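Scroll down for the structure; my scribbles are underneath it.
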Amino acid sequence: MPRRPSGVDPPTAPPRPRRWLAGAAVFAVGAVLLTVGWAARRPEPVGDRTVGQVTRVGVLPGDSLPGYAATTRAELAALTAGAYALVSFDRYLAPDRLPALLADVEVAAVVVRVPLPGRQTEVVRLPAQLLPQDVTAGMAGLADRKDREAADQRHRAAGTADPTTRQGYESGAQVAAREAAGYRSACACVYAAVVRAAPAALRALAGRDDVRALDPAPEVTRLDRTVFLPPLPEQRDVARPPADTAGPPADQASTPADPAPTPGAAMGDSSEGAPGVTAPVPSSTGAGSDRSVPTPAPTSPDSRRSGSSVRSP
């Protein structure tokens, strides 16, 4: 038997780096495949599906006003949970009349218009939670804007040579100036309100003097996605746009230079001629609201229900 020389260690097995490297490669490939598979199974992020969807509450031109009133009474009687509601008044009210009339409900906004005979004045939705202070403050802001509109119309009238066009601008300036004067005096211009309350409080409100109709809207969850269309107090049979029998011809009607305030203004903006409005989104306690959330133009078709009250989610 051959003998190993004394002091010489037995030969050792060579290292096996290749097997380790191969194992590491297999592990890395497996991790990549697991990551790809997990990513493939992840659900796609879900966006806000309410974007572009608008709910309309109230009446449209041509709707029967007695039919609307009957439908709102039936819906109010069947209401079982707290909800937003559109309260329409039977006449135009001054801001100081609102605290007593709207007591015991949470107020989110009011709808105002200067009722000039024979003139189509702007319909505006004003954020209002503290009554009457928020309404009078909003009216003061509207008066400033109407002053600017009147000045712009007068400037345009002075810069045109066409008599008919000039007459249209002058007429627009006169209307804007009268609107400014009305709002600055805290006029009797409020004809509707958006409120929220429990069914019992809403039914009590519906029975008060000066309340024409109370339209509950339990489907409304976001005021910035809702357009409210109350009937005008002077109309009793069929809803229609405000009359403009004293204005210039339709094709020469004046165009306001600043038809809506800059987003963020507390005065609100027109809800006539465009469905966009500025309105607060109150919390359940009425605190912490965003007073200037713009409502996008509706992109979904209207749907009618009995009584011609409109709901188009």
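FYI, nothing fancy with the structure tokens labels: chains A, B, ... in order, residues from 1 per chain, ligands from 1 as they appear.
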
Please tabulate, as CSV, the residues of range 96-183 of chain A that come within 8 Å of range 198-216 of chain A, each with its closest pair of atoms and the distance in Å to one decimal, counting only C-alpha atoms and ordering rows by chain, then residue number upward.
residue,atom,partner,partner_atom,distance
A:Leu101,CA,A:Arg208,CA,7.3
A:Leu102,CA,A:Leu205,CA,7.1
A:Asp104,CA,A:Ala201,CA,6.7
A:Val105,CA,A:Ala201,CA,6.7

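Taking CA of Cys189 in chain A as the reference point, CA of Arg119 in chain A is found at 14.1 Å.
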
Contact residues around range 141-154 of chain A with only C-alpha atoms at 7 Å, ignoring same-chain residues under 3 positions, as number ranges by chain: A: 137-138, 157-158, 169-170, 172-174, 176-177, 179-181, 183-184, 256-258, 267

Interatomic distance (Å, one decimal) between CA of Asp224 in chain A and CA of Tyr68 in chain A: 23.7 Å

- request: Write down as a ChimeraX atom specification the residues of range 62-227 of chain A whose backbone DSSP state falls under alpha helix (DSSP H).
  value: /A:65-78,98-101,133-158,163-184,199-206

Could you write out the selected residues, including C-alpha atoms, as a PDB file, in the first residue's frame?
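Full text of part_8.pdb as output:
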ATOM      1  CA  LEU A  65     -95.573  73.157 -11.168  1.00  0.00           C
ATOM      2  CA  PRO A  66     -98.712  71.707  -9.509  1.00  0.00           C
ATOM      3  CA  GLY A  67     -97.480  68.245 -10.500  1.00  0.00           C
ATOM      4  CA  TYR A  68     -94.061  69.003  -9.037  1.00  0.00           C
ATOM      5  CA  ALA A  69     -95.601  70.144  -5.743  1.00  0.00           C
ATOM      6  CA  ALA A  70     -97.724  66.985  -5.489  1.00  0.00           C
ATOM      7  CA  THR A  71     -94.738  64.741  -6.137  1.00  0.00           C
ATOM      8  CA  THR A  72     -92.576  66.455  -3.541  1.00  0.00           C
ATOM      9  CA  ARG A  73     -95.330  66.082  -0.916  1.00  0.00           C
ATOM     10  CA  ALA A  74     -95.551  62.339  -1.588  1.00  0.00           C
ATOM     11  CA  GLU A  75     -91.779  61.904  -1.448  1.00  0.00           C
ATOM     12  CA  LEU A  76     -91.521  63.882   1.757  1.00  0.00           C
ATOM     13  CA  ALA A  77     -94.211  61.745   3.370  1.00  0.00           C
ATOM     14  CA  ALA A  78     -92.284  58.586   2.442  1.00  0.00           C
ATOM     15  CA  LEU A  98     -84.389  83.433   6.730  1.00  0.00           C
ATOM     16  CA  PRO A  99     -83.252  82.624  10.305  1.00  0.00           C
ATOM     17  CA  ALA A 100     -86.795  82.113  11.607  1.00  0.00           C
ATOM     18  CA  LEU A 101     -88.047  80.399   8.463  1.00  0.00           C
ATOM     19  CA  GLN A 133     -74.762  87.095   7.622  1.00  0.00           C
ATOM     20  CA  ASP A 134     -73.550  84.762   4.855  1.00  0.00           C
ATOM     21  CA  VAL A 135     -76.380  85.849   2.574  1.00  0.00           C
ATOM     22  CA  THR A 136     -75.828  89.578   3.045  1.00  0.00           C
ATOM     23  CA  ALA A 137     -72.068  89.096   2.561  1.00  0.00           C
ATOM     24  CA  GLY A 138     -72.698  87.142  -0.629  1.00  0.00           C
ATOM     25  CA  MET A 139     -75.043  89.836  -1.881  1.00  0.00           C
ATOM     26  CA  ALA A 140     -72.411  92.494  -1.227  1.00  0.00           C
ATOM     27  CA  GLY A 141     -69.970  90.529  -3.362  1.00  0.00           C
ATOM     28  CA  LEU A 142     -72.573  90.203  -6.091  1.00  0.00           C
ATOM     29  CA  ALA A 143     -73.192  93.961  -5.992  1.00  0.00           C
ATOM     30  CA  ASP A 144     -69.487  94.591  -6.634  1.00  0.00           C
ATOM     31  CA  ARG A 145     -69.493  92.183  -9.552  1.00  0.00           C
ATOM     32  CA  LYS A 146     -72.615  93.743 -11.051  1.00  0.00           C
ATOM     33  CA  ASP A 147     -70.985  97.177 -10.799  1.00  0.00           C
ATOM     34  CA  ARG A 148     -68.075  95.838 -12.854  1.00  0.00           C
ATOM     35  CA  GLU A 149     -70.465  94.338 -15.385  1.00  0.00           C
ATOM     36  CA  ALA A 150     -72.342  97.642 -15.737  1.00  0.00           C
ATOM     37  CA  ALA A 151     -69.093  99.553 -16.259  1.00  0.00           C
ATOM     38  CA  ASP A 152     -67.949  97.044 -18.866  1.00  0.00           C
ATOM     39  CA  GLN A 153     -71.258  97.259 -20.742  1.00  0.00           C
ATOM     40  CA  ARG A 154     -71.099 101.046 -20.790  1.00  0.00           C
ATOM     41  CA  HIS A 155     -67.533 100.870 -22.101  1.00  0.00           C
ATOM     42  CA  ARG A 156     -68.614  98.509 -24.878  1.00  0.00           C
ATOM     43  CA  ALA A 157     -71.558 100.756 -25.756  1.00  0.00           C
ATOM     44  CA  ALA A 158     -69.247 103.735 -26.111  1.00  0.00           C
ATOM     45  CA  PRO A 163     -77.075 101.661 -32.910  1.00  0.00           C
ATOM     46  CA  THR A 164     -78.711  98.289 -32.214  1.00  0.00           C
ATOM     47  CA  THR A 165     -75.602  96.820 -30.655  1.00  0.00           C
ATOM     48  CA  ARG A 166     -75.065  99.962 -28.620  1.00  0.00           C
ATOM     49  CA  GLN A 167     -78.660  99.768 -27.374  1.00  0.00           C
ATOM     50  CA  GLY A 168     -78.076  96.174 -26.275  1.00  0.00           C
ATOM     51  CA  TYR A 169     -74.991  97.138 -24.274  1.00  0.00           C
ATOM     52  CA  GLU A 170     -76.765 100.109 -22.706  1.00  0.00           C
ATOM     53  CA  SER A 171     -79.692  97.910 -21.732  1.00  0.00           C
ATOM     54  CA  GLY A 172     -77.327  95.365 -20.185  1.00  0.00           C
ATOM     55  CA  ALA A 173     -75.597  98.110 -18.220  1.00  0.00           C
ATOM     56  CA  GLN A 174     -78.915  99.333 -16.846  1.00  0.00           C
ATOM     57  CA  VAL A 175     -79.923  95.835 -15.714  1.00  0.00           C
ATOM     58  CA  ALA A 176     -76.548  95.172 -14.084  1.00  0.00           C
ATOM     59  CA  ALA A 177     -76.680  98.521 -12.275  1.00  0.00           C
ATOM     60  CA  ARG A 178     -80.160  97.771 -10.928  1.00  0.00           C
ATOM     61  CA  GLU A 179     -79.026  94.326  -9.802  1.00  0.00           C
ATOM     62  CA  ALA A 180     -76.056  95.900  -8.014  1.00  0.00           C
ATOM     63  CA  ALA A 181     -78.330  98.362  -6.232  1.00  0.00           C
ATOM     64  CA  GLY A 182     -80.693  95.590  -5.186  1.00  0.00           C
ATOM     65  CA  TYR A 183     -78.006  93.325  -3.782  1.00  0.00           C
ATOM     66  CA  ARG A 184     -76.268  96.201  -2.015  1.00  0.00           C
ATOM     67  CA  PRO A 199     -87.487  63.762   8.082  1.00  0.00           C
ATOM     68  CA  ALA A 200     -89.458  65.258  10.986  1.00  0.00           C
ATOM     69  CA  ALA A 201     -87.659  68.607  10.705  1.00  0.00           C
ATOM     70  CA  LEU A 202     -88.125  68.688   6.929  1.00  0.00           C
ATOM     71  CA  ARG A 203     -91.848  67.996   7.273  1.00  0.00           C
ATOM     72  CA  ALA A 204     -92.164  70.764   9.840  1.00  0.00           C
ATOM     73  CA  LEU A 205     -90.377  73.168   7.500  1.00  0.00           C
ATOM     74  CA  ALA A 206     -92.647  72.207   4.605  1.00  0.00           C
TER      75      ALA A 206
END

Those of range 83-116 of chain A in DSSP strand (DSSP E), formatted as a ChimeraX atom specification: /A:83-93,106-112

Show me, as an mmCIF file with N, CA, C and O atoms, in the first residue's frame, the residues that have an atom within 6 Å of range 185-188 of chain A when counting only C-alpha atoms, minus same-chain residues fewer than 6 positions from it.
data_model
loop_
_atom_site.group_PDB
_atom_site.id
_atom_site.type_symbol
_atom_site.label_atom_id
_atom_site.label_comp_id
_atom_site.auth_asym_id
_atom_site.auth_seq_id
_atom_site.Cartn_x
_atom_site.Cartn_y
_atom_site.Cartn_z
ATOM 1 N N TYR A 92 -90.294 86.176 -2.999
ATOM 2 C CA TYR A 92 -88.906 86.552 -2.767
ATOM 3 C C TYR A 92 -88.782 87.119 -1.350
ATOM 4 O O TYR A 92 -89.577 87.964 -0.932
ATOM 5 N N LEU A 93 -87.770 86.672 -0.615
ATOM 6 C CA LEU A 93 -87.600 87.062 0.778
ATOM 7 C C LEU A 93 -86.285 87.800 0.985
ATOM 8 O O LEU A 93 -85.292 87.540 0.291
ATOM 9 N N ALA A 94 -86.279 88.702 1.949
ATOM 10 C CA ALA A 94 -85.047 89.388 2.347
ATOM 11 C C ALA A 94 -84.234 88.474 3.260
ATOM 12 O O ALA A 94 -84.783 87.565 3.905
ATOM 13 N N THR A 136 -76.094 88.157 3.289
ATOM 14 C CA THR A 136 -75.828 89.578 3.045
ATOM 15 C C THR A 136 -74.395 89.785 2.541
ATOM 16 O O THR A 136 -74.156 90.639 1.680
#
